[in-house]
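Below is one structure, written out as structure tokens, with a few remarks after it.
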There are 2 protein chains.
Amino acid sequence: MSKNVDTELNPSAAVAAWRALLGEAHVFIADADLVRYARTCSNSSRWPLAVLKPGSRDEVVGIVRAARQYRTPLYPISAGQNWGYGDACPVLDGQVIVDLGRMNRIHEVDRELGYAVIEPGVTQQQLSAYLTEQNMPFWCDCTGAGPNSSLIGNIVERGFGHTPYGNRLQTISGMEVVLGTGEVLGTGFGHYPGAKTTHVYPYGVGPFMDGLFTQSNFGIVTRLGLWLLPIPESFCPFLVMFAEDADLLGALPELRRLRMQRVLHSVPHIGNDLRALASAGPFPRDRLPNAARLTPELRQQLRREAGIGAWTMSGAFYGPRGQVRLHRRLLKQALRGVRANVIFLPPMVLKLGGWAARFCDELGIAPGLGKKIRAAQALAGMHSGRPTGFFLRGAYWRRARGWPADLGDEADLAGDGVGILWMAPILPCRAEDLRQVNEAMEALFTAQGFDCHVTVNLINERALAAVYTIEYDAQGSEEVARAVACYEQGVEKLYSLGYPLYRAATRGMALLNPAEEDEFWATVTRLKAALDPDGIIAPGRYQPKVF
Amino acid sequence: MSKNVDTELNPSAAVAAWRALLGEAHVFIADADLVRYARTCSNSSRWPLAVLKPGSRDEVVGIVRAARQYRTPLYPISAGQNWGYGDACPVLDGQVIVDLGRMNRIHEVDRELGYAVIEPGVTQQQLSAYLTEQNMPFWCDCTGAGPNSSLIGNIVERGFGHTPYGNRLQTISGMEVVLGTGEVLGTGFGHYPGAKTTHVYPYGVGPFMDGLFTQSNFGIVTRLGLWLLPIPESFCPFLVMFAEDADLLGALPELRRLRMQRVLHSVPHIGNDLRALASAGPFPRDRLPNAARLTPELRQQLRREAGIGAWTMSGAFYGPRGQVRLHRRLLKQALRGVRANVIFLPPMVLKLGGWAARFCDELGIAPGLGKKIRAAQALAGMHSGRPTGFFLRGAYWRRARGWPADLGDEADLAGDGVGILWMAPILPCRAEDLRQVNEAMEALFTAQGFDCHVTVNLINERALAAVYTIEYDAQGSEEVARAVACYEQGVEKLYSLGYPLYRAATRGMALLNPAEEDEFWATVTRLKAALDPDGIIAPGRYQPKVF
């Protein structure tokens, strides 16, 4: 236990203490420095009191101790790329951002046992590049978030990737956490000096605590052991185009069967036509200047022009050569009863396609081919440890300032004024549930005048993580108001239908507690008092009772 | 939050309150009723103050409230079959056992999504039989513990099974827990009224708490969603006999490679020769009347007589037919470099073997065949959802009162006076670690005059769960003293080598905290105060600071 100290609310004293601790160069209070952190894609800008950039675990401890002493609330971020879920913004105004981006060391990669020990500033791009440089026989699980998003940031938010290691909470072992008390906790076996098993067996002995430090505000994770995916003998990405809604719904029982049998043993991603259209170009303002939503006719026409169906599934098979061959066959068999076009994209096909596309580009023929090949390559990369910013372009659908054909890996969605809000419920993996939620969301988006962008992920063997995205023009105040209404009504609707969210936006924390009496959130309050008695870490984050 | 009540230490008032709540028939205080609970295989008998048998969640709430009011500590058990780890015994004398055996309802089995919602009294045998009766297309993951052991009891103790669902903590979703405050907590989405996803997605939204209620004393789990293994198209158990230690150690990198590639995607179990001998007969007292340990010569001779190698691995392949065929081939290929005999036992072979054995029995020829076939059938059963007491016979190795050739499914090891102590460290899955720990344990067991029974389980893709078993004559006081010394020295040795235990015996709780300052256990103390402020649930269980 930390010793009792007299505490007083005194932010200036806190800033002075942090300056003494970190040096002037790592403490920011000027508006010009803070503005970047206040930007948001989700219309809930919060102005931080200051920004601190610690370089080590011990500096984080010092920051927390001073924050306790002077009762000044902190808000830790890793890379600040929680796009659409709050970005780098604190939950409430006046919190002090602890930007962990400088803590970007890869402490260790174990070549035999296949794990990395990383700090919160380590990005997916950085780990991916490191594994390639060191010629390690492993891939890192990637998400469609930008290459510069933080691995730890995504994991503590319980994001997911798309490889067989996509259920990321099952691929971590051994956390180091600076608690709200300022004490340093090693989870699993990490607290035993000399333990050789901290990063190979997560549970340790005694209560298994890792889950406590995800979607919470009890501590700051400063280090974590992350398991790496062994590069398989064979790897084959695939696309499945479903002609209409009924075809996806008809296929869902078969997809669940394959997922439960672990033929589909990664996390396939299914997007509707709008997701595909938004990744290839902006909302056609020229054709619909006064609407934020496609007409049914135009949507059908754009679908035809793009040569896509109502839904596109992407995924990959991994394993011994004969197994990948077998799984490909089983996928095709399973989809026989519906109108679905299955396309396999083994590495050799993508390589040949790349050559063909360059050849056609030079001759000026088949102008669409290069685009399609690049999309397939980005997809294959994401499924094999190479992160890409390619899929972030879809977030620019409604942006009045234009759609970025060449969005680089350094994309800054909040800085670019993108307007985006996600609602991400979990559904049982059943056609009936998906149909019901899709219809309810479609009705709501229609009423509010937005296109209903949908993705559905086979997140585990029994559940779907669906994401309903409101894409809006962040410069159009009337459109912003409608987007917020759509979001708040949508969350309420999802709860009332029995499909709570798997993840919340900063602006949505108050919506997590629809019932007046809820023992779960009361327990969160008790745990908060035990682990952060002065409430100085991210007050309000996954803590709806604060509102 | 529960309301503040005036509390006083008053066990008789507590007993009166419990009688009013449960009825006389479910409150026991007579020695004749308590003695069963005080029996132990691990030489740390504890005498309970009383035994309560609630029939419902609400009765558990009432028990906890009265316990709080009269400050009388409880000790919940499910089936009381935690053999060798403390059995049904409380950690400390004078705790009141809450025997949850009457709460044995299977609330629901979802045929589409493959989960069961069960209470703590549900045994593996019960769920297995239910799935068969209802013709459900699922198996339940089994352990080598007896058929009457509790599924929830095993899970909250973080036991493991041997199918692809053997890492049991990854196959649960949605707990109901009566906290030490008397409040009822639903984890995951379970606290949202009407949520349809409680049993398909464990994490919910906000902190993921399930891990907190494993290996802890913060609450009593009264209900849980358990995922069921879809019956695969093809299933093939296997045995691998490794000739000598060097062959197992030589094979370990290849086994790890297969495990990481998910060719071995269940939890294979590897036992040394002593484990196999102990499952087939007792310690040969006739040949070695004054020893508790075989001589090297006799051990070699028994090994030859039994036709076994130094180590035997058992496991199974599950999946589509072509995949099982491929995995069988890959296993044989991987073991080419060592002296290992691979035997596949597909269901048809076992059936034919069963007929052949009965035929031979009738003719009185090949007397060993029936025994071997029965062992193989028990093994295949355990890997395919049919629990067996077959493997418990190994615990009777040193029992002076005799070895049970026909141990039924109702085996009561503590009642039978079996003497057994387990030390179960986690090791990185590397030959060097296994060699070092085996040698250290062998030296210690030799010094104390015991046979070193060893099993090694490929518990996940990177770690081994090893179990070193001290089998002793519980009636021989000198032998008991040596067994306890061996246990305490062994645990200390494992910690000093860097291999902490994955699970602790009741008698070993004080050994969990070798360091004076340990922030993990300090955090456990803080969490205990938050969730069980009066410390009435199982004081001392995974709470070494109490000692």
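The chains in the structure tokens are called A, B, ... from first to last as shown; in each chain the residues are counted from 1, and the ligands are counted from 1 in the order shown.
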- Distance filter 7 Å, only C-alpha atoms, chain A against chain B, as a count of residues only: 47
- Exercise: Trp18 (chain A) partners within 8 Å, only C-alpha atoms, chain neighbours under 5 positions left out, as a list in words: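 Surrounding residues, per the criterion: Gly23, Val27, Leu52, Gly62, Ile63 and Ala66 of chain A.
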Take the residues that were just selected and, keeping C-alpha atoms, output them as a compact mmCIF listing (two decimals), in the first residue's frame.
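Heads up, here's the output in out21.txt:
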# COMPACT_ATOMS: atom_id res chain seq x y z
CA GLY A 23 11.60 17.94 -17.95
CA VAL A 27 4.95 18.78 -20.45
CA LEU A 52 2.42 14.76 -20.50
CA GLY A 62 5.72 9.69 -10.76
CA ILE A 63 2.94 11.23 -12.86
CA ALA A 66 1.71 13.79 -8.33
- Query: Residues of region 111-183 of chain B in strand (DSSP E or B) according to DSSP, as a ChimeraX atom specification?
  - Reply: /B:115-118,123,138-139,150,172-179
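CA of Leu49 (chain B) lies 17.0 Å from CA of Glu8 (chain B).
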- Item | Residue neighbourhood region 277-280 of chain B, 12 Å, only C-alpha atoms, exclusion window fewer than 2 positions, as a ChimeraX atom specification | /B:144,271-275,282-284,294,298-312,368,371-372,374-375,378,389-399,403-407,451-454,469,471
For the selection just defined, write its residues with N, CA and C atoms to a file, as a compact mmCIF listing (two decimals), in the first residue's frame.
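Saved the output as part31.txt:
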# COMPACT_ATOMS: atom_id res chain seq x y z
N GLY B 144 -9.60 -35.83 -16.26
CA GLY B 144 -9.36 -37.13 -15.66
C GLY B 144 -9.87 -37.22 -14.23
N GLY B 271 2.51 -38.78 -19.67
CA GLY B 271 2.79 -39.30 -18.33
C GLY B 271 4.05 -40.14 -18.33
N ASN B 272 4.78 -40.15 -17.22
CA ASN B 272 5.96 -41.02 -17.18
C ASN B 272 5.53 -42.46 -16.88
N ASP B 273 6.50 -43.36 -16.92
CA ASP B 273 6.22 -44.79 -16.73
C ASP B 273 5.49 -45.05 -15.41
N LEU B 274 5.85 -44.31 -14.36
CA LEU B 274 5.22 -44.54 -13.06
C LEU B 274 3.72 -44.28 -13.09
N ARG B 275 3.34 -43.26 -13.85
CA ARG B 275 1.91 -42.96 -13.97
C ARG B 275 1.17 -44.13 -14.62
N PRO B 282 -0.70 -51.59 -7.85
CA PRO B 282 -0.12 -50.85 -6.73
C PRO B 282 1.40 -50.95 -6.71
N PHE B 283 1.99 -50.17 -5.83
CA PHE B 283 3.42 -50.29 -5.52
C PHE B 283 3.68 -51.73 -5.08
N PRO B 284 4.71 -52.36 -5.59
CA PRO B 284 4.95 -53.78 -5.28
C PRO B 284 5.54 -53.97 -3.88
N LEU B 294 10.55 -47.32 -5.85
CA LEU B 294 11.11 -48.44 -6.60
C LEU B 294 12.62 -48.29 -6.72
N LEU B 298 14.15 -52.41 -10.51
CA LEU B 298 12.76 -52.89 -10.51
C LEU B 298 11.89 -52.02 -11.42
N ARG B 299 12.18 -50.73 -11.39
CA ARG B 299 11.40 -49.82 -12.26
C ARG B 299 11.59 -50.21 -13.73
N GLN B 300 12.84 -50.48 -14.11
CA GLN B 300 13.10 -50.91 -15.48
C GLN B 300 12.37 -52.22 -15.79
N GLN B 301 12.39 -53.12 -14.82
CA GLN B 301 11.77 -54.42 -15.03
C GLN B 301 10.25 -54.29 -15.20
N LEU B 302 9.63 -53.46 -14.33
CA LEU B 302 8.18 -53.26 -14.43
C LEU B 302 7.81 -52.60 -15.76
N ARG B 303 8.66 -51.69 -16.17
CA ARG B 303 8.43 -51.01 -17.46
C ARG B 303 8.44 -52.04 -18.59
N ARG B 304 9.42 -52.94 -18.56
CA ARG B 304 9.49 -53.99 -19.59
C ARG B 304 8.27 -54.89 -19.53
N GLU B 305 7.92 -55.30 -18.29
CA GLU B 305 6.76 -56.20 -18.14
C GLU B 305 5.48 -55.57 -18.70
N ALA B 306 5.35 -54.25 -18.48
CA ALA B 306 4.13 -53.57 -18.95
C ALA B 306 4.21 -53.21 -20.43
N GLY B 307 5.38 -53.34 -21.00
CA GLY B 307 5.54 -53.01 -22.41
C GLY B 307 5.38 -51.52 -22.69
N ILE B 308 5.89 -50.71 -21.79
CA ILE B 308 5.77 -49.26 -21.98
C ILE B 308 7.15 -48.62 -22.04
N GLY B 309 7.18 -47.38 -22.53
CA GLY B 309 8.42 -46.63 -22.56
C GLY B 309 8.52 -45.72 -21.35
N ALA B 310 9.50 -44.82 -21.41
CA ALA B 310 9.70 -43.89 -20.30
C ALA B 310 8.53 -42.91 -20.17
N TRP B 311 7.95 -42.56 -21.31
CA TRP B 311 6.85 -41.60 -21.32
C TRP B 311 5.79 -42.04 -22.32
N THR B 312 4.53 -41.78 -22.00
CA THR B 312 3.44 -42.05 -22.94
C THR B 312 2.61 -40.78 -23.11
N GLY B 368 -3.80 -60.03 -21.11
CA GLY B 368 -3.52 -58.59 -20.97
C GLY B 368 -4.32 -57.73 -21.93
N LYS B 371 -7.39 -55.64 -20.66
CA LYS B 371 -6.94 -54.53 -19.81
C LYS B 371 -6.51 -53.33 -20.67
N LYS B 372 -5.72 -53.64 -21.69
CA LYS B 372 -5.22 -52.56 -22.55
C LYS B 372 -6.34 -51.91 -23.33
N ARG B 374 -9.47 -51.78 -22.45
CA ARG B 374 -10.28 -50.95 -21.53
C ARG B 374 -9.61 -49.61 -21.25
N ALA B 375 -8.29 -49.64 -21.09
CA ALA B 375 -7.57 -48.37 -20.86
C ALA B 375 -7.73 -47.46 -22.06
N ALA B 378 -11.21 -46.04 -22.15
CA ALA B 378 -11.40 -44.97 -21.16
C ALA B 378 -10.80 -43.67 -21.68
N GLY B 389 -13.72 -42.67 -14.27
CA GLY B 389 -12.94 -42.72 -13.05
C GLY B 389 -11.70 -43.58 -13.20
N PHE B 390 -11.50 -44.11 -14.41
CA PHE B 390 -10.44 -45.08 -14.67
C PHE B 390 -9.07 -44.59 -14.19
N PHE B 391 -8.79 -43.31 -14.47
CA PHE B 391 -7.43 -42.82 -14.23
C PHE B 391 -7.19 -42.44 -12.77
N LEU B 392 -8.26 -42.42 -11.98
CA LEU B 392 -8.09 -42.11 -10.56
C LEU B 392 -7.39 -43.24 -9.82
N ARG B 393 -7.42 -44.44 -10.41
CA ARG B 393 -6.81 -45.57 -9.71
C ARG B 393 -5.33 -45.33 -9.41
N GLY B 394 -4.72 -44.51 -10.26
CA GLY B 394 -3.30 -44.21 -10.07
C GLY B 394 -3.00 -43.58 -8.71
N ALA B 395 -4.01 -42.98 -8.10
CA ALA B 395 -3.80 -42.30 -6.81
C ALA B 395 -3.66 -43.30 -5.66
N TYR B 396 -3.96 -44.57 -5.92
CA TYR B 396 -3.93 -45.58 -4.85
C TYR B 396 -2.59 -46.32 -4.77
N TRP B 397 -1.60 -45.90 -5.50
CA TRP B 397 -0.28 -46.53 -5.62
C TRP B 397 0.31 -46.94 -4.26
N ARG B 398 0.30 -46.04 -3.30
CA ARG B 398 0.94 -46.32 -2.01
C ARG B 398 -0.07 -46.70 -0.92
N ARG B 399 -1.32 -46.81 -1.26
CA ARG B 399 -2.32 -47.06 -0.22
C ARG B 399 -2.10 -48.44 0.39
N TRP B 403 -5.12 -51.73 -3.55
CA TRP B 403 -5.32 -51.01 -4.81
C TRP B 403 -6.62 -51.49 -5.46
N PRO B 404 -7.48 -50.62 -5.88
CA PRO B 404 -8.82 -51.02 -6.34
C PRO B 404 -8.85 -51.39 -7.81
N ALA B 405 -8.89 -52.67 -8.12
CA ALA B 405 -8.91 -53.09 -9.52
C ALA B 405 -10.18 -52.58 -10.21
N ASP B 406 -11.25 -52.51 -9.45
CA ASP B 406 -12.53 -52.13 -10.07
C ASP B 406 -13.10 -50.85 -9.46
N LEU B 407 -12.30 -49.82 -9.43
CA LEU B 407 -12.76 -48.55 -8.88
C LEU B 407 -13.94 -48.05 -9.72
N ASP B 451 8.68 -42.30 -5.22
CA ASP B 451 8.67 -42.32 -6.67
C ASP B 451 8.16 -40.98 -7.18
N CYS B 452 8.79 -40.48 -8.23
CA CYS B 452 8.39 -39.18 -8.78
C CYS B 452 7.46 -39.41 -9.98
N HIS B 453 6.16 -39.40 -9.69
CA HIS B 453 5.15 -39.53 -10.74
C HIS B 453 5.02 -38.19 -11.45
N VAL B 454 5.08 -38.22 -12.76
CA VAL B 454 5.07 -36.95 -13.51
C VAL B 454 4.07 -37.02 -14.65
N THR B 469 3.67 -35.69 -8.61
CA THR B 469 2.76 -36.23 -7.61
C THR B 469 3.52 -37.03 -6.56
N GLU B 471 2.92 -39.69 -3.96
CA GLU B 471 1.94 -40.68 -3.52
C GLU B 471 2.50 -41.32 -2.26
Mind checking which residues fall within 12 Å of Lys351 (chain A), counting only C-alpha atoms, ignoring those fewer than 3 positions away in the same chain, and posting them as a PDB file with N, CA and C atoms, in the first residue's frame?
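And here is the file that came out, result_36.pdb:
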ATOM      1  N   LEU A 345      -7.395 -15.932 -53.172  1.00  0.00           N
ATOM      2  CA  LEU A 345      -6.312 -15.027 -53.559  1.00  0.00           C
ATOM      3  C   LEU A 345      -4.984 -15.505 -52.980  1.00  0.00           C
ATOM      4  N   PRO A 346      -4.517 -16.672 -53.379  1.00  0.00           N
ATOM      5  CA  PRO A 346      -3.240 -17.133 -52.833  1.00  0.00           C
ATOM      6  C   PRO A 346      -2.119 -16.186 -53.247  1.00  0.00           C
ATOM      7  N   PRO A 347      -1.034 -16.138 -52.491  1.00  0.00           N
ATOM      8  CA  PRO A 347       0.030 -15.153 -52.737  1.00  0.00           C
ATOM      9  C   PRO A 347       0.486 -15.121 -54.198  1.00  0.00           C
ATOM     10  N   MET A 348       0.569 -16.274 -54.849  1.00  0.00           N
ATOM     11  CA  MET A 348       1.056 -16.295 -56.230  1.00  0.00           C
ATOM     12  C   MET A 348       0.104 -15.551 -57.165  1.00  0.00           C
ATOM     13  N   GLY A 354      -0.450  -8.338 -59.582  1.00  0.00           N
ATOM     14  CA  GLY A 354       0.304  -7.085 -59.460  1.00  0.00           C
ATOM     15  C   GLY A 354       1.067  -6.789 -60.736  1.00  0.00           C
ATOM     16  N   TRP A 355       1.737  -7.821 -61.276  1.00  0.00           N
ATOM     17  CA  TRP A 355       2.459  -7.619 -62.545  1.00  0.00           C
ATOM     18  C   TRP A 355       1.497  -7.227 -63.658  1.00  0.00           C
ATOM     19  N   ALA A 356       0.401  -7.960 -63.727  1.00  0.00           N
ATOM     20  CA  ALA A 356      -0.572  -7.696 -64.791  1.00  0.00           C
ATOM     21  C   ALA A 356      -1.095  -6.265 -64.690  1.00  0.00           C
ATOM     22  N   ALA A 357      -1.382  -5.821 -63.469  1.00  0.00           N
ATOM     23  CA  ALA A 357      -1.928  -4.477 -63.278  1.00  0.00           C
ATOM     24  C   ALA A 357      -0.920  -3.422 -63.713  1.00  0.00           C
ATOM     25  N   ARG A 358       0.362  -3.623 -63.343  1.00  0.00           N
ATOM     26  CA  ARG A 358       1.375  -2.635 -63.763  1.00  0.00           C
ATOM     27  C   ARG A 358       1.483  -2.597 -65.291  1.00  0.00           C
ATOM     28  N   ILE A 373      -6.613  -4.962 -57.663  1.00  0.00           N
ATOM     29  CA  ILE A 373      -5.454  -5.730 -57.197  1.00  0.00           C
ATOM     30  C   ILE A 373      -4.873  -5.084 -55.941  1.00  0.00           C
ATOM     31  N   ARG A 374      -4.802  -3.753 -55.933  1.00  0.00           N
ATOM     32  CA  ARG A 374      -4.278  -3.083 -54.735  1.00  0.00           C
ATOM     33  C   ARG A 374      -5.153  -3.350 -53.516  1.00  0.00           C
ATOM     34  N   ALA A 376      -6.990  -6.016 -53.046  1.00  0.00           N
ATOM     35  CA  ALA A 376      -6.764  -7.407 -52.644  1.00  0.00           C
ATOM     36  C   ALA A 376      -5.425  -7.549 -51.925  1.00  0.00           C
ATOM     37  N   GLN A 377      -4.423  -6.804 -52.402  1.00  0.00           N
ATOM     38  CA  GLN A 377      -3.119  -6.890 -51.751  1.00  0.00           C
ATOM     39  C   GLN A 377      -3.153  -6.308 -50.340  1.00  0.00           C
ATOM     40  N   ALA A 380      -4.847  -8.941 -48.219  1.00  0.00           N
ATOM     41  CA  ALA A 380      -3.955 -10.074 -47.950  1.00  0.00           C
ATOM     42  C   ALA A 380      -2.888  -9.657 -46.938  1.00  0.00           C
TER      43      ALA A 380
END
- Name the residues of region 95-231 of chain A that come out as helix (DSSP H, G or I) in a backbone DSSP run; write them as JSON, numbers by chain. {"A": [100, 101, 102, 124, 125, 126, 127, 128, 129, 130, 131, 132, 133, 151, 152, 153, 154, 155, 156, 168, 169, 170, 171, 210, 211, 212, 213]}
Take the selection from the previous step and output its residues with C-alpha atoms, as a compact mmCIF listing (two decimals), in the first residue's frame.
# COMPACT_ATOMS: atom_id res chain seq x y z
CA LEU A 100 2.43 7.09 -23.89
CA GLY A 101 3.71 7.37 -27.46
CA ARG A 102 7.35 7.83 -26.39
CA GLN A 124 1.28 -2.41 -35.42
CA GLN A 125 3.53 -1.08 -38.16
CA GLN A 126 6.52 -0.95 -35.85
CA LEU A 127 6.16 -4.52 -34.61
CA SER A 128 5.42 -5.78 -38.11
CA ALA A 129 8.57 -4.11 -39.47
CA TYR A 130 10.65 -5.41 -36.58
CA LEU A 131 9.55 -8.99 -37.18
CA THR A 132 10.43 -8.68 -40.88
CA GLU A 133 13.81 -7.06 -40.22
CA LEU A 151 -1.23 -2.57 -30.20
CA ILE A 152 -1.71 -2.15 -26.45
CA GLY A 153 -4.21 0.66 -27.01
CA ASN A 154 -6.31 -1.63 -29.19
CA ILE A 155 -6.03 -4.56 -26.80
CA VAL A 156 -7.03 -2.64 -23.67
CA ARG A 168 -6.60 -10.60 -28.93
CA LEU A 169 -7.44 -10.96 -25.26
CA GLN A 170 -6.61 -14.65 -25.70
CA THR A 171 -3.13 -13.83 -27.01
CA ASP A 210 -5.86 -9.07 -16.94
CA GLY A 211 -9.49 -8.55 -17.93
CA LEU A 212 -9.80 -5.87 -15.25
CA PHE A 213 -7.45 -3.60 -17.15
- Skipping near chain neighbours, those fewer than 2 positions away, what residues fall within 6 Å of region 264-270 of chain B using only C-alpha atoms, listed as a count of residues only? 15
- Task: Using only C-alpha atoms, find the one residue out of A:Gly508, A:Gly449, A:Pro539, A:Pro76 that sits nearest to Arg293 (chain A).
- Result: A:Gly449
- Non-local contacts of His107 (chain B) (9 Å; only C-alpha atoms; under 4 positions in same chain excluded) as a list in words: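 Once the nearby chain positions are removed, what remains is Ala116, Val117, Ile118 and Glu119 of chain B.
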- Smallest atom-to-atom distance to Glu478 (chain A): which of A:Ala292, A:Met423, A:Ala334, A:Ala510, using only C-alpha atoms?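 Closest to Glu478 (chain A) of all the choices is A:Ala292.
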- Message: Rounded to one decimal, what separation in Å do you get between CA of Asn148 (chain A) and CA of Glu410 (chain A)?
- Response: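 Interatomic distance, CA of Asn148 (chain A) to CA of Glu410 (chain A): 7.0 Å.
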- Note on the structure: Of A:Leu224, A:Leu350, A:Ala38, A:Val98, the one nearest to Ile536 (chain A) when counting only C-alpha atoms is A:Val98
